[in-house]
Every structure is written in structure tokens, then in C-alpha cells.
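Text of run28.txt, listed as compact mmCIF, C-alpha atoms:
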# COMPACT_ATOMS: atom_id res chain seq x y z
CA MET H 1 18.17 -5.04 -7.11
CA LYS H 2 18.54 -5.16 -3.35
CA VAL H 3 15.53 -6.40 -1.39
CA PHE H 4 14.59 -5.51 2.18
CA PHE H 5 12.37 -7.87 4.14
CA SER H 6 11.60 -8.51 7.79
CA GLU H 7 10.49 -11.83 9.24
CA ASP H 8 8.48 -9.81 11.77
CA HIS H 9 5.69 -9.49 9.21
CA ARG H 10 4.44 -12.80 10.65
CA LEU H 11 3.49 -11.02 13.87
CA HIS H 12 0.33 -9.81 12.12
CA PHE H 13 -2.07 -12.65 11.23
CA PRO H 14 -5.69 -12.00 12.21
CA GLN H 15 -7.92 -15.00 12.75
CA ALA H 16 -10.41 -13.84 10.14
CA GLU H 17 -11.76 -10.93 8.15
CA LEU H 18 -15.35 -9.98 7.38
CA SER H 19 -16.02 -10.60 3.68
CA GLY H 20 -19.36 -11.06 1.97
CA GLY H 21 -21.20 -11.20 5.28
CA GLN H 22 -19.08 -13.95 6.81
CA PHE H 23 -15.74 -14.38 8.49
CA VAL H 24 -13.10 -15.88 6.20
CA THR H 25 -9.36 -16.50 6.35
CA PRO H 26 -7.81 -13.08 5.71
CA TYR H 27 -6.83 -12.47 2.10
CA GLU H 28 -3.87 -10.48 3.44
CA ARG H 29 -1.94 -13.19 5.26
CA PRO H 30 1.71 -14.15 5.91
CA SER H 31 1.92 -16.64 3.04
CA ARG H 32 1.67 -13.74 0.56
CA ALA H 33 5.08 -12.46 1.57
CA GLU H 34 6.53 -15.96 1.75
CA TYR H 35 5.55 -16.71 -1.84
CA VAL H 36 7.18 -13.48 -3.00
CA TYR H 37 10.30 -14.22 -0.95
CA GLN H 38 10.67 -17.71 -2.40
CA ARG H 39 10.15 -16.46 -5.95
CA LEU H 40 12.82 -13.80 -5.49
CA LYS H 41 15.33 -16.48 -4.52
CA GLN H 42 14.28 -18.81 -7.33
CA GLN H 43 14.86 -16.05 -9.88
CA GLY H 44 18.27 -15.12 -8.53
CA LEU H 45 17.25 -11.96 -6.67
CA ARG H 46 18.99 -13.12 -3.52
CA ASP H 47 20.46 -9.89 -2.19
CA ILE H 48 17.86 -9.83 0.58
CA ALA H 49 18.57 -7.97 3.83
CA ASP H 50 16.80 -7.43 7.11
CA PRO H 51 15.98 -3.71 7.36
CA GLY H 52 16.76 -3.24 11.02
CA ALA H 53 14.63 -1.02 13.24
CA CYS H 54 12.06 1.48 12.03
CA ASP H 55 13.11 5.13 12.28
CA MET H 56 10.09 6.74 13.91
CA ALA H 57 11.13 10.34 13.20
CA PRO H 58 9.87 10.37 9.56
CA VAL H 59 6.73 8.50 10.63
CA ARG H 60 5.92 10.95 13.40
CA ALA H 61 6.52 13.86 11.04
CA MET H 62 3.74 12.62 8.73
CA MET H 63 1.27 10.78 10.94
CA ASP H 64 -1.21 12.11 13.48
CA PRO H 65 0.20 11.60 17.00
CA GLY H 66 -3.12 10.43 18.40
CA PHE H 67 -3.39 7.85 15.61
CA LEU H 68 0.11 6.53 16.27
CA ALA H 69 -0.61 6.29 19.99
CA PHE H 70 -3.80 4.39 19.20
CA LEU H 71 -2.02 1.86 16.95
CA GLU H 72 0.65 1.27 19.56
CA THR H 73 -1.77 0.74 22.46
CA ALA H 74 -4.99 -0.52 20.84
CA TRP H 75 -4.39 -4.19 21.65
CA ASP H 76 -3.61 -3.55 25.30
CA GLN H 77 -6.62 -1.25 25.67
CA TRP H 78 -8.86 -3.81 23.96
CA LYS H 79 -7.75 -6.58 26.27
CA ALA H 80 -8.00 -4.35 29.34
CA ALA H 81 -11.62 -3.66 28.40
CA GLY H 82 -12.32 -7.40 28.54
CA CYS H 83 -12.76 -7.93 24.80
CA ALA H 84 -12.11 -11.56 23.90
CA GLY H 85 -11.40 -11.33 20.18
CA GLU H 86 -9.34 -9.09 17.92
CA VAL H 87 -9.82 -5.36 17.54
CA ILE H 88 -12.74 -4.88 15.14
CA PRO H 89 -14.85 -1.84 16.03
CA ALA H 90 -18.62 -2.13 16.15
CA ALA H 91 -19.24 1.42 14.95
CA ILE H 92 -17.44 3.96 12.79
CA PRO H 93 -18.37 7.63 12.27
CA ALA H 94 -20.89 8.32 9.52
CA ARG H 95 -22.32 11.44 7.91
CA ARG H 96 -23.28 14.24 10.34
CA MET H 97 -21.67 12.53 13.34
CA GLN H 98 -19.26 14.33 15.66
CA MET H 99 -15.62 13.94 14.57
CA ALA H 100 -13.89 16.58 16.69
CA ARG H 101 -13.58 14.52 19.88
CA PRO H 102 -12.14 10.98 19.88
CA PRO H 103 -14.03 8.60 22.22
CA ARG H 104 -12.39 7.29 25.40
CA ASN H 105 -13.90 3.81 25.04
CA ILE H 106 -11.55 1.60 23.00
CA ASP H 107 -14.36 0.29 20.77
CA GLY H 108 -15.33 3.85 19.89
CA LEU H 109 -11.69 4.89 19.53
CA ALA H 110 -11.01 2.04 17.13
CA GLY H 111 -14.02 3.09 15.08
CA TYR H 112 -12.82 6.69 15.09
CA TYR H 113 -9.51 5.69 13.47
CA CYS H 114 -10.88 2.91 11.23
CA LEU H 115 -11.86 3.36 7.58
CA ALA H 116 -12.72 -0.28 6.82
CA GLN H 117 -13.83 -2.96 9.25
CA GLU H 118 -12.31 -5.90 7.38
CA THR H 119 -8.99 -4.97 8.96
CA ALA H 120 -8.45 -6.44 12.43
CA ILE H 121 -5.73 -5.44 14.88
CA THR H 122 -3.95 -8.23 16.78
CA GLY H 123 -1.32 -8.36 19.49
CA GLY H 124 1.40 -8.36 16.83
CA THR H 125 0.01 -5.77 14.43
CA TRP H 126 2.02 -2.79 15.68
CA GLY H 127 5.30 -4.71 15.53
CA ALA H 128 4.55 -5.98 12.03
CA ALA H 129 3.57 -2.51 10.81
CA LEU H 130 6.84 -1.11 12.14
CA SER H 131 8.82 -3.87 10.42
CA SER H 132 7.03 -3.14 7.14
CA MET H 133 7.87 0.54 7.45
CA ALA H 134 11.47 -0.34 8.30
CA SER H 135 11.76 -2.29 5.02
CA ALA H 136 10.46 0.70 3.07
CA GLN H 137 12.83 3.09 4.84
CA ALA H 138 15.84 0.82 4.27
CA ALA H 139 15.01 0.59 0.57
CA GLN H 140 14.79 4.38 0.34
CA ARG H 141 18.13 4.84 2.08
CA HIS H 142 19.73 2.36 -0.30
CA VAL H 143 18.46 4.23 -3.34
CA ALA H 144 19.26 7.63 -1.87
CA ALA H 145 22.84 6.41 -1.40
CA GLY H 146 23.16 5.87 -5.15
CA ALA H 147 21.46 2.61 -6.13
CA ARG H 148 19.12 2.79 -9.11
CA SER H 149 16.36 0.78 -7.42
CA ALA H 150 15.36 -1.32 -4.43
CA PHE H 151 12.40 -3.46 -3.44
CA ALA H 152 10.76 -3.27 -0.01
CA LEU H 153 8.82 -6.48 0.56
CA CYS H 154 6.40 -4.72 2.88
CA ARG H 155 3.80 -6.61 4.84
CA PRO H 156 1.32 -5.40 5.98
CA PRO H 157 0.83 -3.07 3.00
CA GLY H 158 0.36 0.66 3.42
CA HIS H 159 -1.32 2.62 0.63
CA HIS H 160 -4.82 2.72 2.16
CA ALA H 161 -3.57 4.18 5.46
CA THR H 162 -3.98 7.94 5.81
CA ALA H 163 -2.21 10.13 8.34
CA ASP H 164 -4.93 9.28 10.85
CA MET H 165 -6.87 6.20 9.66
CA TYR H 166 -6.18 2.51 9.10
CA GLY H 167 -8.01 -0.02 6.93
CA GLY H 168 -7.75 -1.99 3.72
CA TYR H 169 -5.15 -4.14 5.53
CA CYS H 170 -2.96 -1.02 5.97
CA PHE H 171 -1.75 0.70 9.15
CA LEU H 172 1.21 2.92 8.22
CA ASN H 173 1.62 4.38 4.75
CA ASN H 174 5.02 3.09 3.64
CA ALA H 175 5.01 4.71 0.18
CA ALA H 176 4.09 8.12 1.55
CA VAL H 177 6.86 8.09 4.13
CA VAL H 178 9.40 7.00 1.48
CA ALA H 179 8.30 9.86 -0.79
CA GLN H 180 8.70 12.33 2.05
CA MET H 181 12.13 10.93 2.88
CA PHE H 182 13.24 11.65 -0.69
CA ARG H 183 11.89 15.18 -0.32
CA ASP H 184 13.63 15.71 3.02
CA GLN H 185 16.91 14.57 1.50
CA GLY H 186 16.78 17.11 -1.32
CA ALA H 187 14.62 15.76 -4.14
CA GLY H 188 12.60 18.71 -5.38
CA ARG H 189 9.82 16.65 -6.90
CA VAL H 190 8.85 13.04 -6.12
CA ALA H 191 6.24 10.86 -7.83
CA VAL H 192 4.23 7.99 -6.38
CA LEU H 193 2.90 5.57 -9.00
CA ASP H 194 0.28 3.21 -7.61
CA ILE H 195 -0.48 0.17 -9.79
CA ASP H 196 -2.41 -1.78 -7.17
CA PHE H 197 -5.92 -2.76 -8.29
CA HIS H 198 -7.35 -0.77 -5.37
CA HIS H 199 -7.00 3.00 -5.31
CA GLY H 200 -4.28 4.32 -3.00
CA ASN H 201 -6.68 6.55 -1.10
CA GLY H 202 -4.33 7.03 1.83
CA THR H 203 -1.43 8.22 -0.30
CA GLN H 204 -3.69 10.56 -2.26
CA ASP H 205 -5.14 11.99 0.94
CA ILE H 206 -1.72 12.71 2.42
CA PHE H 207 -0.40 14.59 -0.62
CA TYR H 208 -3.61 16.00 -2.14
CA GLY H 209 -2.93 19.60 -1.17
CA ARG H 210 0.79 19.57 -1.97
CA GLY H 211 2.55 20.51 -5.18
CA ASP H 212 5.84 18.69 -4.54
CA VAL H 213 4.60 15.08 -4.75
CA PHE H 214 2.79 13.77 -7.84
CA PHE H 215 0.40 10.90 -7.18
CA ALA H 216 -0.88 8.68 -10.03
CA SER H 217 -3.08 5.63 -9.56
CA VAL H 218 -4.43 3.03 -12.02
CA HIS H 219 -7.25 1.18 -10.28
CA GLY H 220 -10.75 -0.27 -10.29
CA ALA H 221 -13.49 2.34 -10.65
CA PRO H 222 -14.63 3.41 -7.17
CA GLU H 223 -18.29 2.92 -8.11
CA ASP H 224 -17.46 -0.79 -8.24
CA ALA H 225 -14.36 -1.37 -6.11
CA PHE H 226 -12.91 -0.74 -2.65
CA PRO H 227 -12.25 1.83 -1.22
CA TYR H 228 -15.35 3.17 -3.05
CA PHE H 229 -15.23 6.77 -1.84
CA LEU H 230 -12.06 8.09 -3.48
CA GLY H 231 -10.21 7.66 -6.77
CA PHE H 232 -12.47 9.38 -9.30
CA ALA H 233 -10.92 10.91 -12.41
CA ASP H 234 -11.99 14.43 -11.42
CA GLU H 235 -9.88 14.31 -8.26
CA THR H 236 -6.82 16.24 -9.45
CA GLY H 237 -5.46 17.90 -6.30
CA ALA H 238 -6.35 20.98 -4.30
CA GLY H 239 -4.68 24.31 -3.62
CA ALA H 240 -0.94 24.01 -4.14
CA GLY H 241 -1.55 20.41 -5.20
CA GLU H 242 -3.91 21.18 -8.07
CA GLY H 243 -2.80 19.11 -11.06
CA THR H 244 -0.53 16.79 -9.10
CA THR H 245 -3.06 13.95 -8.69
CA ALA H 246 -3.93 11.73 -11.65
CA ASN H 247 -6.52 8.97 -11.23
CA TYR H 248 -7.25 6.30 -13.83
CA PRO H 249 -10.39 4.47 -12.68
CA LEU H 250 -11.13 1.51 -14.96
CA PRO H 251 -14.23 -0.71 -15.26
CA PRO H 252 -14.77 -4.40 -14.55
CA GLY H 253 -13.16 -6.69 -17.09
CA THR H 254 -10.33 -4.31 -17.98
CA GLY H 255 -7.55 -6.12 -19.82
CA TYR H 256 -3.93 -5.23 -20.38
CA ASP H 257 -4.41 -3.11 -23.49
CA ARG H 258 -6.58 -0.58 -21.69
CA TRP H 259 -4.70 -0.88 -18.39
CA SER H 260 -1.32 -0.33 -20.03
CA GLY H 261 -2.68 2.68 -21.90
CA ALA H 262 -3.55 4.26 -18.56
CA LEU H 263 -0.12 3.32 -17.20
CA ASP H 264 1.58 4.93 -20.20
CA ASP H 265 -0.37 8.13 -19.67
CA ALA H 266 0.58 8.20 -15.99
CA ILE H 267 4.24 7.64 -16.88
CA ALA H 268 4.13 10.42 -19.47
CA ARG H 269 2.63 12.83 -16.93
CA ILE H 270 5.25 11.95 -14.32
CA LYS H 271 8.00 12.49 -16.86
CA ALA H 272 6.57 15.82 -18.06
CA TRP H 273 6.15 16.98 -14.46
CA GLY H 274 9.86 16.52 -13.84
CA ALA H 275 9.98 13.99 -11.02
CA GLU H 276 13.43 13.36 -9.57
CA ALA H 277 12.59 10.14 -7.69
CA LEU H 278 9.88 7.51 -7.98
CA VAL H 279 8.02 5.39 -5.46
CA VAL H 280 5.99 2.51 -6.89
CA SER H 281 3.12 1.12 -4.83
CA LEU H 282 3.51 -2.37 -6.24
CA GLY H 283 0.25 -4.24 -5.99
CA VAL H 284 -0.34 -7.18 -8.33
CA ASP H 285 -4.03 -7.71 -7.62
CA ALA H 286 -4.89 -6.57 -11.17
CA TYR H 287 -4.18 -10.25 -11.97
CA LYS H 288 -6.99 -12.13 -13.73
CA ASP H 289 -7.46 -14.69 -10.95
CA ASP H 290 -7.22 -12.39 -7.96
CA PRO H 291 -10.14 -13.13 -5.60
CA ILE H 292 -10.90 -9.48 -4.75
CA SER H 293 -10.39 -7.66 -8.05
CA PHE H 294 -11.97 -7.59 -11.51
CA PHE H 295 -9.13 -6.78 -13.92
CA LYS H 296 -7.79 -9.36 -16.36
CA LEU H 297 -4.01 -8.96 -16.45
CA ASP H 298 -1.93 -12.09 -16.99
CA SER H 299 1.48 -12.84 -15.51
CA PRO H 300 3.55 -11.73 -18.57
CA ASP H 301 1.75 -8.38 -18.48
CA PHE H 302 3.40 -7.53 -15.18
CA ALA H 303 6.85 -7.94 -16.72
CA ASP H 304 5.87 -5.55 -19.49
CA ALA H 305 4.58 -3.09 -16.90
CA GLY H 306 7.98 -3.19 -15.21
CA ARG H 307 9.68 -2.42 -18.52
CA ARG H 308 7.41 0.58 -19.05
CA ILE H 309 8.09 1.95 -15.57
CA GLU H 310 11.85 1.65 -16.17
CA THR H 311 11.61 4.11 -19.09
CA LEU H 312 11.23 6.91 -16.56
CA GLY H 313 14.91 6.45 -15.73
CA LEU H 314 14.40 7.54 -12.12
CA PRO H 315 15.81 6.34 -8.79
CA THR H 316 13.01 3.96 -7.83
CA VAL H 317 11.76 2.33 -4.65
CA PHE H 318 9.16 -0.43 -5.00
CA CYS H 319 6.93 -0.92 -1.95
CA MET H 320 4.83 -4.09 -1.86
CA GLU H 321 1.10 -3.53 -1.60
CA GLY H 322 -1.67 -5.98 -2.60
CA GLY H 323 -2.02 -9.21 -4.54
CA TYR H 324 -4.19 -12.00 -3.17
CA ALA H 325 -4.01 -14.84 -5.70
CA ILE H 326 -1.57 -16.53 -3.35
CA GLU H 327 0.04 -19.02 -5.71
CA ALA H 328 0.67 -16.31 -8.34
CA VAL H 329 1.61 -13.35 -6.15
CA GLY H 330 5.31 -14.21 -6.19
CA ILE H 331 5.43 -14.76 -9.93
CA ASN H 332 3.61 -11.52 -10.71
CA THR H 333 5.57 -9.40 -8.27
CA VAL H 334 8.96 -10.64 -9.42
CA ASN H 335 7.87 -10.25 -13.05
CA VAL H 336 7.47 -6.51 -12.46
CA LEU H 337 10.94 -6.30 -10.92
CA GLU H 338 12.55 -8.40 -13.65
CA GLY H 339 10.84 -6.34 -16.31
CA PHE H 340 12.21 -3.18 -14.70
CA LEU H 341 15.67 -4.71 -14.60
CA GLY H 342 15.51 -5.88 -18.21
CA ALA H 343 15.83 -9.52 -17.19

This structure in C-alpha cells:
Amino acid sequence: MKVFFSEDHRLHFPQAELSGGQFVTPYERPSRAEYVYQRLKQQGLRDIADPGACDMAPVRAMMDPGFLAFLETAWDQWKAAGCAGEVIPAAIPARRMQMARPPRNIDGLAGYYCLAQETAITGGTWGAALSSMASAQAAQRHVAAGARSAFALCRPPGHHATADMYGGYCFLNNAAVVAQMFRDQGAGRVAVLDIDFHHGNGTQDIFYGRGDVFFASVHGAPEDAFPYFLGFADETGAGAGEGTTANYPLPPGTGYDRWSGALDDAIARIKAWGAEALVVSLGVDAYKDDPISFFKLDSPDFADAGRRIETLGLPTVFCMEGGYAIEAVGINTVNVLEGFLGA
């Protein structure tokens, strides 16, 4: 399995994130990707390539232009306004507030485009987000050219980003753009399978009204877990997309038996739907020792999950998402890939 990875991920490393009422070292930090990279090499998955530059055409086709302009210029605007720290908005829109007109002030503009205030923007965030997207695009091109699978070691992750909002450590939705690239290149039906502990709200939002992309997510119940406001079982799509969203919200303490049952159901629905290509949002924060999840999967379970995903027999792109038990993130991620490969 070919791997695509950019060293430019290191450009994004906020000083801190707000967690539990205090500023802590960000859970989403450069060492996550480094642990995965080292584990790949240890296990013999050494066909690792730099992805090159991001192709902005597919990104612009899916993302709001004002949002992209904001991400590209937010740091410069923030500094020009005399703000000393990193971009963390003081206010975000709430119920019954005006959403039709973006503010001019950069603090208000950041709040307008933000869905979660734990996610800071730094001077290197835009470059890192582009490099993450480039890895996803390169993996898709590799698979579209005939390879069975590829792994995009994306950092920062992407599945919480919508077409016009950032948060949950995500700025550009890598998995969504990859799915659309498959569609643009002739795949009639594409599935996105999200196994991250946290619901892929951004991916769901992008495809919710469409009937050509099936989105399935196995995640912590939104009553108990971020992002809280999306990912309920009764969210099944709208309009042309009715029936093409499948959510599997699971309670605290969920172990592999129940989790794998939900995964099997998602796989069966993707197969019955007739997907021609698969994008896996590969988060491994369902791990038992992850600091910001409450599932109880163990490392061998991730290998079994990879084996189950392989039964779909589809051209598959894996895009790295979450996983914050730093010392185990490499083991668990590579276990999924090795399970898929039958190693």
C-alpha cells in the first residue's frame, strides 16, 4: 500500500487548546503523525511519497469561497488587528443571531466560520491544511490509476470541516474532496466510511442532500460526545440524499463486539447500495486509552476492523483522522492497514 505524507504538517502546532476550562497542550499535535510514520516504516510499509502541491480546483469546487479566503488570510488579518496570540474567536453565532452577513472584524469573522473554539489557527495552519489535502488527493489519484488502496497520512485531519466551517482540529475536509474526485472521474456511487470515535459532521453535512455519496459513521453518541449536535441515528439524508446517510451512535463503554456489529451493518449497507469506490475516514480514537473518547477497543481490534473493511472489495483511500493516545496511535493505525492488506 502506497502512503502519501507531507512534512509540512509540522507547520500547524498551536500553543494550546481549551479543554476542561484550561489551556492544555493540543491533543492534535505533530507527534501524532510522526508516530504513525515511524510505525509504517517499522512494519515494512515504506513506500512513502511526498504528495506534491495541493490541486485547488477540486477544493474550490466544494468549499465556500469566502471560507477559503478566510482560512488563507486569517492569520495576517489577526496580526494586523494587533492580536498577540493565535486565532481563537471570542464569540460564535448562536440561536436567533444574524448569519446572513459575515462580520468585517477578524474576531467576528473567525467566530462566523468556527464551529468549535478548541481549534486555533496559527501562522502555519493554511500551509499545513493544504499539505494534508495534497496527501489525500495524491492517494486518490494513485487509486484511480489502478491501485487497490492507498493511505493518506493527513494532518491536520478533515472530517469535522464543512464547506464553510472549521473546528474539531479540521480545516479542509480531505475525505469529502477525495469522494468528489472519484465522482468527477466517473465513479457513479462513492461511499465514505467514518470509523473515527467522533462523528464526521462535516462530511455528513456536505453530502446530506445528495444521492450519489453514501456516508456511514460509527461514533460516540452525540448526547455524550463531540461534536454533540449531529450524528443521531434518525439523520438519514434529505431530498435526493434520503437513505444515503447511516449513523451508528454508541454509548460510553462500548467494546469491540458492539462496535464491530455496527461496522458490519455499515459495510453491508455500503455493499447493498452498490458503491464503486470507498473512502475511509481512519480515526483510531475508539481506542480504550484515548484521552478524549469513551470506547474500549484494543489494538488487535483495529486489525480485525481492517479485515472487515477489505471484504467490500472496493478501490479504497484511507484518510487519517483522529487518534490521541500518542504512543498507540501508530500501532492502531497501521493495524487497520495491515488488517486490510491481510498482513

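Compared by their closest atoms to Tyr208 of chain H, and using all atoms listed in the file, the residues H:Ser293, H:Leu230, H:Asp298, H:Gly239 rank with H:Gly239 nearest.
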
**Q.** Pro251 of chain H surroundings by only C-alpha atoms, 12 Å radius, close-in-sequence under 6 positions cut, as a count of residues only
**A.** 17

**Q.** Two-atom distance - atom CA of Asn332 of chain H, atom CA of Asp265 of chain H (Å)
**A.**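 Atom CA of Asp265 of chain H lies at a distance of 22.0 Å from atom CA of Asn332 of chain H.
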
**Q.** Selection: 12 Å around Ala163 of chain H, only C-alpha atoms, excl. self and same-chain fewer than 2 positions, as a VMD selection string
**A.** chain H and resid 59 to 68 71 113 to 115 158 to 161 165 to 167 170 to 174 176 to 177 201 to 207

Q: Could you jot down the atom CA of Ala53 of chain H to atom CA of Ala116 of chain H separation for me, Å, one decimal place?
A: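 These two atoms are separated by 28.1 Å.
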
Q.
So, with only C-alpha atoms as the atoms that count, which of H:Trp273, H:Tyr248, H:Phe4, H:Trp126 lies closest to Gly188 of chain H?
A.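 Counting only C-alpha atoms, the residue closest to Gly188 of chain H is H:Trp273.
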
May I have a table of the residues of segment 233-270 of chain H lying at most 9 Å from segment 304-328 of chain H, giving each one's closest pair of atoms and their distance in Å to one decimal, counting all atoms listed in the file, ordered by chain and ascending residue number, as a tab-separated table?
residue	atom	partner	partner_atom	distance
H:Ser260	CA	H:Ala305	CA	7.2
H:Leu263	CA	H:Ala305	CA	8.0
H:Asp264	CA	H:Arg308	CA	7.4
H:Ile267	CA	H:Ile309	CA	7.0
H:Ala268	CA	H:Leu312	CA	8.4
H:Ile270	CA	H:Leu312	CA	8.1

Centre, x/y/z edge lengths, axis-aligned box for segment 92-105 of chain H with 6 Å per side, as JSON:
{"center_x": -17.7, "center_y": 10.2, "center_z": 16.7, "size_x": 23.1, "size_y": 24.8, "size_z": 29.5}

Q: Would you mind listing what lies within 10 Å of Gly209 of chain H as an MDAnalysis selection string, with all atoms listed in the file counted and same-chain residues fewer than 5 positions away left out?
A: chainID H and resid 204 236:245

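The spacing separating atom CA of Ala136 of chain H from atom CA of Pro157 of chain H amounts to 10.3 Å.
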
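Using only C-alpha atoms, every residue with an atom at most 10 Å from the point (-11.6, -12.1, 13.4) is listed here: Phe13, Pro14, Gln15, Ala16, Glu17, Leu18, Phe23, Val24, Thr25, Pro26, Gly85, Glu86, Val87, Ile88, Glu118, Thr119, Ala120, Ile121 and Thr122 of chain H.
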
Q: Show which residues sit within 9 Å of segment 93-103 of chain H, as a ChimeraX atom specification. Count all atoms listed in the file, and ignore same-chain residues fewer than 5 positions away.
A: /H:108-114

Just C-alpha atoms for this one: save the residues we selected as a CSV table (one decimal), in the coordinates of the input.
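What follows is the written file selection.csv:
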chain,number,residue,atom,x,y,z
H,108,GLY,CA,-15.3,3.8,19.9
H,109,LEU,CA,-11.7,4.9,19.5
H,110,ALA,CA,-11.0,2.0,17.1
H,111,GLY,CA,-14.0,3.1,15.1
H,112,TYR,CA,-12.8,6.7,15.1
H,113,TYR,CA,-9.5,5.7,13.5
H,114,CYS,CA,-10.9,2.9,11.2

Q | Among listed residues H:Trp75, H:Tyr169, H:Phe215, H:Tyr287, nearest Gly123 of chain H (using only C-alpha atoms) | A |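 Selected residue with least distance to Gly123 of chain H: H:Trp75.
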
**Q.** For Gly231 of chain H, the nearest of the candidates H:Ala216, H:Ala343, H:Ala147, H:Ala91, counting only C-alpha atoms
**A.**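 Among the listed residues, the smallest separation from Gly231 of chain H belongs to H:Ala216.
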